[in-house]
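Worksheet for the structure shown next.
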Amino acid sequence: MPIELTVEQDSLSIIGLILNASFLVQLVMLLLLLASVVSWFMIDRKRTSYKRLTRIADAFEDQFWSGGEMNHIYRDWSGQAGQGGQSAPGGPGQDPEGIVNIFIAGYREYNRLRSKPGVSRADAVDGVHRSMRVALSREVDHLETHLSFLATVGSTSPYIGLFGTVWGIMNSFRSVGVLQQVTIASVAPGISEALIATAMGLFAAIPAVIAYNSFAHTAERLTNRYEVFMEEFLSIVNRQDPARSAP
């Protein structure tokens, strides 16, 4: 009798239940495992990216609003500083990102329009605004990259796990139907392996939902920050000396 009890306990172990599950339930478990691994990889990448973009925005705005000359700031953050020039934190030596790309797009367009004769102040402001708006759109797309995947994992994983659970319970009851004597030991393995699929669905979904909500808030906050800077930069452009009139 003790030997039979040991065998039943081994058969109800997590690994044993997964290995003895039906093919479809194993496929569901594998899909949920892959979704969980990929979502954790995306979570780590997005967290690192948002921290870097926030750090760059802090350093850039500190220098921008410190009263330095705009052309020097442009050279620093666009990677065009001379060999002996000072490197802004997160600027030279790194590809421009986030708020820096928006500033570079606006300043380049401003210099291009300012060098043209006959360009009015309104036209210059409008051109700068369009260039910065395009750069802002690209940065927002970058901020929202992979968020849809996390949302999909968070919303669908419980249902995928539930599908595996329903299928496993159906198979368990089908096997019970051919037995003359039904005991807990005869139905426990099938029901247990089915419930593992639900647990794995929740394991994949809960971190993805939490991460998505957190990242969506961070992306919205950074987007608002970029938009505020863009408006402030446009007001600075609007206060510059009027462009030369056409001869």
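A note on labels: chains of the structure tokens are A, B, ... as shown, every chain counts residues from 1, and ligands are counted from 1 in their shown order.
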Write out as a PDB file with N, CA and C atoms, in the first residue's frame the set of residues from range 37-121 of chain A that DSSP, computed on the backbone, places in alpha helix (DSSP H).
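Result file is out_9.pdb:
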```pdb
ATOM      1  N   VAL A  37       8.197  33.913 -21.835  1.00  0.00           N
ATOM      2  CA  VAL A  37       9.628  34.208 -21.995  1.00  0.00           C
ATOM      3  C   VAL A  37       9.826  35.448 -22.857  1.00  0.00           C
ATOM      4  N   VAL A  38       9.091  35.524 -23.985  1.00  0.00           N
ATOM      5  CA  VAL A  38       9.236  36.674 -24.876  1.00  0.00           C
ATOM      6  C   VAL A  38       8.756  37.954 -24.191  1.00  0.00           C
ATOM      7  N   SER A  39       7.660  37.870 -23.451  1.00  0.00           N
ATOM      8  CA  SER A  39       7.145  39.068 -22.780  1.00  0.00           C
ATOM      9  C   SER A  39       8.122  39.567 -21.716  1.00  0.00           C
ATOM     10  N   TRP A  40       8.760  38.644 -20.985  1.00  0.00           N
ATOM     11  CA  TRP A  40       9.758  39.081 -20.004  1.00  0.00           C
ATOM     12  C   TRP A  40      10.961  39.725 -20.689  1.00  0.00           C
ATOM     13  N   PHE A  41      11.344  39.193 -21.856  1.00  0.00           N
ATOM     14  CA  PHE A  41      12.428  39.815 -22.621  1.00  0.00           C
ATOM     15  C   PHE A  41      12.036  41.225 -23.058  1.00  0.00           C
ATOM     16  N   MET A  42      10.804  41.380 -23.547  1.00  0.00           N
ATOM     17  CA  MET A  42      10.332  42.700 -23.956  1.00  0.00           C
ATOM     18  C   MET A  42      10.233  43.648 -22.765  1.00  0.00           C
ATOM     19  N   ILE A  43       9.798  43.132 -21.637  1.00  0.00           N
ATOM     20  CA  ILE A  43       9.682  43.964 -20.439  1.00  0.00           C
ATOM     21  C   ILE A  43      11.043  44.519 -20.045  1.00  0.00           C
ATOM     22  N   ASP A  44      12.056  43.660 -20.071  1.00  0.00           N
ATOM     23  CA  ASP A  44      13.400  44.113 -19.702  1.00  0.00           C
ATOM     24  C   ASP A  44      13.919  45.154 -20.689  1.00  0.00           C
ATOM     25  N   ARG A  45      13.695  44.929 -21.985  1.00  0.00           N
ATOM     26  CA  ARG A  45      14.164  45.880 -22.993  1.00  0.00           C
ATOM     27  C   ARG A  45      13.455  47.227 -22.865  1.00  0.00           C
ATOM     28  N   LYS A  46      12.145  47.198 -22.685  1.00  0.00           N
ATOM     29  CA  LYS A  46      11.395  48.451 -22.594  1.00  0.00           C
ATOM     30  C   LYS A  46      11.754  49.212 -21.321  1.00  0.00           C
ATOM     31  N   ARG A  47      11.932  48.500 -20.221  1.00  0.00           N
ATOM     32  CA  ARG A  47      12.304  49.191 -18.989  1.00  0.00           C
ATOM     33  C   ARG A  47      13.645  49.877 -19.141  1.00  0.00           C
ATOM     34  N   THR A  48      14.607  49.188 -19.743  1.00  0.00           N
ATOM     35  CA  THR A  48      15.925  49.790 -19.975  1.00  0.00           C
ATOM     36  C   THR A  48      15.824  50.978 -20.926  1.00  0.00           C
ATOM     37  N   SER A  49      15.019  50.837 -21.979  1.00  0.00           N
ATOM     38  CA  SER A  49      14.876  51.916 -22.960  1.00  0.00           C
ATOM     39  C   SER A  49      14.238  53.150 -22.330  1.00  0.00           C
ATOM     40  N   TYR A  50      13.184  52.976 -21.538  1.00  0.00           N
ATOM     41  CA  TYR A  50      12.511  54.118 -20.917  1.00  0.00           C
ATOM     42  C   TYR A  50      13.411  54.817 -19.905  1.00  0.00           C
ATOM     43  N   LYS A  51      14.190  54.048 -19.171  1.00  0.00           N
ATOM     44  CA  LYS A  51      15.120  54.670 -18.231  1.00  0.00           C
ATOM     45  C   LYS A  51      16.157  55.501 -18.976  1.00  0.00           C
ATOM     46  N   ARG A  52      16.654  54.966 -20.099  1.00  0.00           N
ATOM     47  CA  ARG A  52      17.656  55.698 -20.877  1.00  0.00           C
ATOM     48  C   ARG A  52      17.054  56.972 -21.472  1.00  0.00           C
ATOM     49  N   LEU A  53      15.855  56.878 -22.032  1.00  0.00           N
ATOM     50  CA  LEU A  53      15.225  58.057 -22.638  1.00  0.00           C
ATOM     51  C   LEU A  53      14.916  59.121 -21.590  1.00  0.00           C
ATOM     52  N   THR A  54      14.512  58.693 -20.412  1.00  0.00           N
ATOM     53  CA  THR A  54      14.256  59.654 -19.332  1.00  0.00           C
ATOM     54  C   THR A  54      15.545  60.340 -18.892  1.00  0.00           C
ATOM     55  N   ARG A  55      16.616  59.560 -18.788  1.00  0.00           N
ATOM     56  CA  ARG A  55      17.920  60.132 -18.397  1.00  0.00           C
ATOM     57  C   ARG A  55      18.420  61.110 -19.449  1.00  0.00           C
ATOM     58  N   ILE A  56      18.258  60.765 -20.724  1.00  0.00           N
ATOM     59  CA  ILE A  56      18.677  61.664 -21.797  1.00  0.00           C
ATOM     60  C   ILE A  56      17.862  62.951 -21.775  1.00  0.00           C
ATOM     61  N   ALA A  57      16.553  62.827 -21.579  1.00  0.00           N
ATOM     62  CA  ALA A  57      15.695  64.017 -21.538  1.00  0.00           C
ATOM     63  C   ALA A  57      16.073  64.928 -20.380  1.00  0.00           C
ATOM     64  N   ASP A  58      16.368  64.333 -19.226  1.00  0.00           N
ATOM     65  CA  ASP A  58      16.776  65.148 -18.068  1.00  0.00           C
ATOM     66  C   ASP A  58      18.069  65.900 -18.363  1.00  0.00           C
ATOM     67  N   ALA A  59      19.071  65.186 -18.904  1.00  0.00           N
ATOM     68  CA  ALA A  59      20.364  65.821 -19.169  1.00  0.00           C
ATOM     69  C   ALA A  59      20.243  66.881 -20.259  1.00  0.00           C
ATOM     70  N   PHE A  60      19.479  66.569 -21.298  1.00  0.00           N
ATOM     71  CA  PHE A  60      19.342  67.530 -22.397  1.00  0.00           C
ATOM     72  C   PHE A  60      18.624  68.794 -21.939  1.00  0.00           C
ATOM     73  N   GLU A  61      17.522  68.650 -21.243  1.00  0.00           N
ATOM     74  CA  GLU A  61      16.768  69.828 -20.811  1.00  0.00           C
ATOM     75  C   GLU A  61      17.558  70.659 -19.807  1.00  0.00           C
ATOM     76  N   ASP A  62      18.348  69.998 -18.963  1.00  0.00           N
ATOM     77  CA  ASP A  62      19.196  70.756 -18.035  1.00  0.00           C
ATOM     78  C   ASP A  62      20.154  71.660 -18.804  1.00  0.00           C
ATOM     79  N   GLN A  63      20.760  71.137 -19.879  1.00  0.00           N
ATOM     80  CA  GLN A  63      21.687  71.943 -20.662  1.00  0.00           C
ATOM     81  C   GLN A  63      20.945  72.971 -21.518  1.00  0.00           C
ATOM     82  N   PHE A  64      19.814  72.564 -22.087  1.00  0.00           N
ATOM     83  CA  PHE A  64      19.094  73.460 -22.984  1.00  0.00           C
ATOM     84  C   PHE A  64      18.581  74.695 -22.246  1.00  0.00           C
ATOM     85  N   MET A  70      22.446  77.904 -28.613  1.00  0.00           N
ATOM     86  CA  MET A  70      21.744  76.793 -29.226  1.00  0.00           C
ATOM     87  C   MET A  70      22.615  76.024 -30.210  1.00  0.00           C
ATOM     88  N   ASN A  71      23.492  76.735 -30.925  1.00  0.00           N
ATOM     89  CA  ASN A  71      24.340  76.029 -31.886  1.00  0.00           C
ATOM     90  C   ASN A  71      25.355  75.128 -31.184  1.00  0.00           C
ATOM     91  N   HIS A  72      25.811  75.537 -29.992  1.00  0.00           N
ATOM     92  CA  HIS A  72      26.704  74.678 -29.223  1.00  0.00           C
ATOM     93  C   HIS A  72      25.968  73.444 -28.727  1.00  0.00           C
ATOM     94  N   ILE A  73      24.743  73.634 -28.282  1.00  0.00           N
ATOM     95  CA  ILE A  73      23.938  72.490 -27.831  1.00  0.00           C
ATOM     96  C   ILE A  73      23.704  71.537 -28.987  1.00  0.00           C
ATOM     97  N   TYR A  74      23.441  72.101 -30.156  1.00  0.00           N
ATOM     98  CA  TYR A  74      23.211  71.263 -31.334  1.00  0.00           C
ATOM     99  C   TYR A  74      24.462  70.447 -31.665  1.00  0.00           C
ATOM    100  N   ARG A  75      25.628  71.079 -31.634  1.00  0.00           N
ATOM    101  CA  ARG A  75      26.852  70.355 -31.949  1.00  0.00           C
ATOM    102  C   ARG A  75      27.121  69.258 -30.927  1.00  0.00           C
ATOM    103  N   ASP A  76      26.862  69.566 -29.656  1.00  0.00           N
ATOM    104  CA  ASP A  76      27.082  68.569 -28.616  1.00  0.00           C
ATOM    105  C   ASP A  76      26.195  67.339 -28.800  1.00  0.00           C
ATOM    106  N   TRP A  77      24.905  67.577 -28.931  1.00  0.00           N
ATOM    107  CA  TRP A  77      23.951  66.469 -28.906  1.00  0.00           C
ATOM    108  C   TRP A  77      23.777  65.792 -30.254  1.00  0.00           C
ATOM    109  N   ILE A  99      14.051  63.068 -27.110  1.00  0.00           N
ATOM    110  CA  ILE A  99      13.873  64.507 -27.217  1.00  0.00           C
ATOM    111  C   ILE A  99      14.988  65.142 -28.040  1.00  0.00           C
ATOM    112  N   VAL A 100      16.155  64.523 -28.059  1.00  0.00           N
ATOM    113  CA  VAL A 100      17.280  65.060 -28.831  1.00  0.00           C
ATOM    114  C   VAL A 100      16.966  65.036 -30.320  1.00  0.00           C
ATOM    115  N   ASN A 101      16.368  63.965 -30.795  1.00  0.00           N
ATOM    116  CA  ASN A 101      15.997  63.880 -32.211  1.00  0.00           C
ATOM    117  C   ASN A 101      14.999  64.968 -32.594  1.00  0.00           C
ATOM    118  N   ILE A 102      14.081  65.271 -31.692  1.00  0.00           N
ATOM    119  CA  ILE A 102      13.093  66.323 -31.971  1.00  0.00           C
ATOM    120  C   ILE A 102      13.782  67.678 -32.069  1.00  0.00           C
ATOM    121  N   PHE A 103      14.702  67.942 -31.144  1.00  0.00           N
ATOM    122  CA  PHE A 103      15.437  69.204 -31.179  1.00  0.00           C
ATOM    123  C   PHE A 103      16.285  69.313 -32.446  1.00  0.00           C
ATOM    124  N   ILE A 104      16.986  68.238 -32.797  1.00  0.00           N
ATOM    125  CA  ILE A 104      17.852  68.270 -33.980  1.00  0.00           C
ATOM    126  C   ILE A 104      17.037  68.530 -35.233  1.00  0.00           C
ATOM    127  N   ALA A 105      15.879  67.873 -35.354  1.00  0.00           N
ATOM    128  CA  ALA A 105      15.023  68.070 -36.533  1.00  0.00           C
ATOM    129  C   ALA A 105      14.561  69.518 -36.623  1.00  0.00           C
ATOM    130  N   GLY A 106      14.160  70.105 -35.494  1.00  0.00           N
ATOM    131  CA  GLY A 106      13.699  71.490 -35.509  1.00  0.00           C
ATOM    132  C   GLY A 106      14.812  72.478 -35.779  1.00  0.00           C
ATOM    133  N   TYR A 107      15.979  72.246 -35.180  1.00  0.00           N
ATOM    134  CA  TYR A 107      17.062  73.207 -35.345  1.00  0.00           C
ATOM    135  C   TYR A 107      17.637  73.167 -36.754  1.00  0.00           C
ATOM    136  N   ARG A 108      17.734  71.984 -37.333  1.00  0.00           N
ATOM    137  CA  ARG A 108      18.215  71.879 -38.710  1.00  0.00           C
ATOM    138  C   ARG A 108      17.274  72.603 -39.670  1.00  0.00           C
ATOM    139  N   GLU A 109      15.993  72.403 -39.486  1.00  0.00           N
ATOM    140  CA  GLU A 109      15.035  73.071 -40.367  1.00  0.00           C
ATOM    141  C   GLU A 109      15.076  74.583 -40.151  1.00  0.00           C
ATOM    142  N   TYR A 110      15.252  74.995 -38.920  1.00  0.00           N
ATOM    143  CA  TYR A 110      15.349  76.430 -38.627  1.00  0.00           C
ATOM    144  C   TYR A 110      16.559  77.049 -39.312  1.00  0.00           C
ATOM    145  N   ASN A 111      17.711  76.403 -39.241  1.00  0.00           N
ATOM    146  CA  ASN A 111      18.915  76.910 -39.913  1.00  0.00           C
ATOM    147  C   ASN A 111      18.740  76.929 -41.429  1.00  0.00           C
ATOM    148  N   ARG A 112      18.084  75.893 -41.954  1.00  0.00           N
ATOM    149  CA  ARG A 112      17.891  75.836 -43.406  1.00  0.00           C
ATOM    150  C   ARG A 112      16.987  76.968 -43.879  1.00  0.00           C
ATOM    151  N   LEU A 113      15.906  77.215 -43.171  1.00  0.00           N
ATOM    152  CA  LEU A 113      14.977  78.264 -43.579  1.00  0.00           C
ATOM    153  C   LEU A 113      15.541  79.651 -43.322  1.00  0.00           C
ATOM    154  N   ARG A 114      16.321  79.780 -42.244  1.00  0.00           N
ATOM    155  CA  ARG A 114      16.880  81.092 -41.923  1.00  0.00           C
ATOM    156  C   ARG A 114      17.882  81.544 -42.983  1.00  0.00           C
ATOM    157  N   ARG A 121       8.804  84.981 -40.875  1.00  0.00           N
ATOM    158  CA  ARG A 121       8.862  84.325 -39.577  1.00  0.00           C
ATOM    159  C   ARG A 121       7.784  83.251 -39.462  1.00  0.00           C
TER     160      ARG A 121
END
```
Legend entry - Best match for closeness to Ala35 in chain A among A:Thr165, A:Gln240, A:Ser78, A:Thr152, counting only C-alpha atoms: A:Thr152
Legend entry - Surrounding residues of Phe203 in chain A excluding itself and chain neighbours under 5 positions, 12 Å, only C-alpha atoms, as a VMD selection string: chain A and resid 29 32 to 37 39 to 40 153 to 154 157 to 158 160 to 161 196 to 198 208 to 210
Give me a file of those residues, with N, CA and C atoms, as a PDB file, in the first residue's frame.
```pdb
ATOM      1  N   MET A  29       0.598  24.608 -23.292  1.00  0.00           N
ATOM      2  CA  MET A  29       1.590  24.962 -22.269  1.00  0.00           C
ATOM      3  C   MET A  29       2.853  25.527 -22.909  1.00  0.00           C
ATOM      4  N   LEU A  32       2.194  29.073 -24.101  1.00  0.00           N
ATOM      5  CA  LEU A  32       2.158  30.021 -22.983  1.00  0.00           C
ATOM      6  C   LEU A  32       3.554  30.247 -22.414  1.00  0.00           C
ATOM      7  N   LEU A  33       4.362  29.209 -22.391  1.00  0.00           N
ATOM      8  CA  LEU A  33       5.739  29.367 -21.905  1.00  0.00           C
ATOM      9  C   LEU A  33       6.531  30.291 -22.817  1.00  0.00           C
ATOM     10  N   LEU A  34       6.399  30.110 -24.121  1.00  0.00           N
ATOM     11  CA  LEU A  34       7.092  30.981 -25.068  1.00  0.00           C
ATOM     12  C   LEU A  34       6.606  32.423 -24.945  1.00  0.00           C
ATOM     13  N   ALA A  35       5.294  32.593 -24.803  1.00  0.00           N
ATOM     14  CA  ALA A  35       4.745  33.946 -24.643  1.00  0.00           C
ATOM     15  C   ALA A  35       5.283  34.605 -23.380  1.00  0.00           C
ATOM     16  N   SER A  36       5.403  33.834 -22.312  1.00  0.00           N
ATOM     17  CA  SER A  36       5.925  34.385 -21.061  1.00  0.00           C
ATOM     18  C   SER A  36       7.391  34.781 -21.197  1.00  0.00           C
ATOM     19  N   VAL A  37       8.197  33.913 -21.835  1.00  0.00           N
ATOM     20  CA  VAL A  37       9.628  34.208 -21.995  1.00  0.00           C
ATOM     21  C   VAL A  37       9.826  35.448 -22.857  1.00  0.00           C
ATOM     22  N   SER A  39       7.660  37.870 -23.451  1.00  0.00           N
ATOM     23  CA  SER A  39       7.145  39.068 -22.780  1.00  0.00           C
ATOM     24  C   SER A  39       8.122  39.567 -21.716  1.00  0.00           C
ATOM     25  N   TRP A  40       8.760  38.644 -20.985  1.00  0.00           N
ATOM     26  CA  TRP A  40       9.758  39.081 -20.004  1.00  0.00           C
ATOM     27  C   TRP A  40      10.961  39.725 -20.689  1.00  0.00           C
ATOM     28  N   VAL A 153      -0.521  39.537 -25.047  1.00  0.00           N
ATOM     29  CA  VAL A 153      -0.221  38.448 -24.116  1.00  0.00           C
ATOM     30  C   VAL A 153      -1.088  38.560 -22.869  1.00  0.00           C
ATOM     31  N   GLY A 154      -1.228  39.776 -22.353  1.00  0.00           N
ATOM     32  CA  GLY A 154      -2.005  39.955 -21.137  1.00  0.00           C
ATOM     33  C   GLY A 154      -3.485  39.662 -21.311  1.00  0.00           C
ATOM     34  N   SER A 157      -3.675  35.325 -22.940  1.00  0.00           N
ATOM     35  CA  SER A 157      -3.081  34.180 -22.251  1.00  0.00           C
ATOM     36  C   SER A 157      -4.064  33.461 -21.330  1.00  0.00           C
ATOM     37  N   PRO A 158      -4.863  34.182 -20.522  1.00  0.00           N
ATOM     38  CA  PRO A 158      -5.827  33.449 -19.683  1.00  0.00           C
ATOM     39  C   PRO A 158      -6.802  32.604 -20.496  1.00  0.00           C
ATOM     40  N   ILE A 160      -6.230  31.309 -23.513  1.00  0.00           N
ATOM     41  CA  ILE A 160      -5.507  30.168 -24.069  1.00  0.00           C
ATOM     42  C   ILE A 160      -5.320  29.090 -22.997  1.00  0.00           C
ATOM     43  N   GLY A 161      -4.950  29.529 -21.784  1.00  0.00           N
ATOM     44  CA  GLY A 161      -4.827  28.571 -20.688  1.00  0.00           C
ATOM     45  C   GLY A 161      -6.158  27.916 -20.350  1.00  0.00           C
ATOM     46  N   ILE A 196      -3.021  23.101 -14.708  1.00  0.00           N
ATOM     47  CA  ILE A 196      -1.689  23.685 -14.918  1.00  0.00           C
ATOM     48  C   ILE A 196      -1.722  24.666 -16.082  1.00  0.00           C
ATOM     49  N   ALA A 197      -2.506  24.341 -17.118  1.00  0.00           N
ATOM     50  CA  ALA A 197      -2.600  25.249 -18.264  1.00  0.00           C
ATOM     51  C   ALA A 197      -3.179  26.598 -17.846  1.00  0.00           C
ATOM     52  N   THR A 198      -4.200  26.574 -16.981  1.00  0.00           N
ATOM     53  CA  THR A 198      -4.762  27.838 -16.482  1.00  0.00           C
ATOM     54  C   THR A 198      -3.733  28.615 -15.675  1.00  0.00           C
ATOM     55  N   ALA A 208       2.553  40.644 -17.882  1.00  0.00           N
ATOM     56  CA  ALA A 208       2.391  41.410 -19.120  1.00  0.00           C
ATOM     57  C   ALA A 208       1.417  42.565 -18.921  1.00  0.00           C
ATOM     58  N   VAL A 209       0.324  42.329 -18.200  1.00  0.00           N
ATOM     59  CA  VAL A 209      -0.656  43.392 -17.957  1.00  0.00           C
ATOM     60  C   VAL A 209      -0.058  44.489 -17.079  1.00  0.00           C
ATOM     61  N   ILE A 210       0.631  44.092 -16.017  1.00  0.00           N
ATOM     62  CA  ILE A 210       1.243  45.083 -15.122  1.00  0.00           C
ATOM     63  C   ILE A 210       2.273  45.916 -15.881  1.00  0.00           C
TER      64      ILE A 210
END
```
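In terms of minimum interatomic distance to Gly168 in chain A, A:Glu193 ranks closest within A:Asp126, A:Asp141, A:Glu231, A:Glu193, counting only C-alpha atoms.
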Legend entry - Residue nearest His217 in chain A among A:Leu30, A:Leu143, A:Val119, A:Ile15 (counting only C-alpha atoms): A:Leu143
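CA of Arg174 in chain A sits 27.2 Å away from CA of Thr156 in chain A.
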Inset, instruction - Go through A:Met230, A:Ala122, A:Met170, A:Leu31 and flag the residue nearest Val134 in chain A, using only C-alpha atoms for the distances. - result: A:Met230
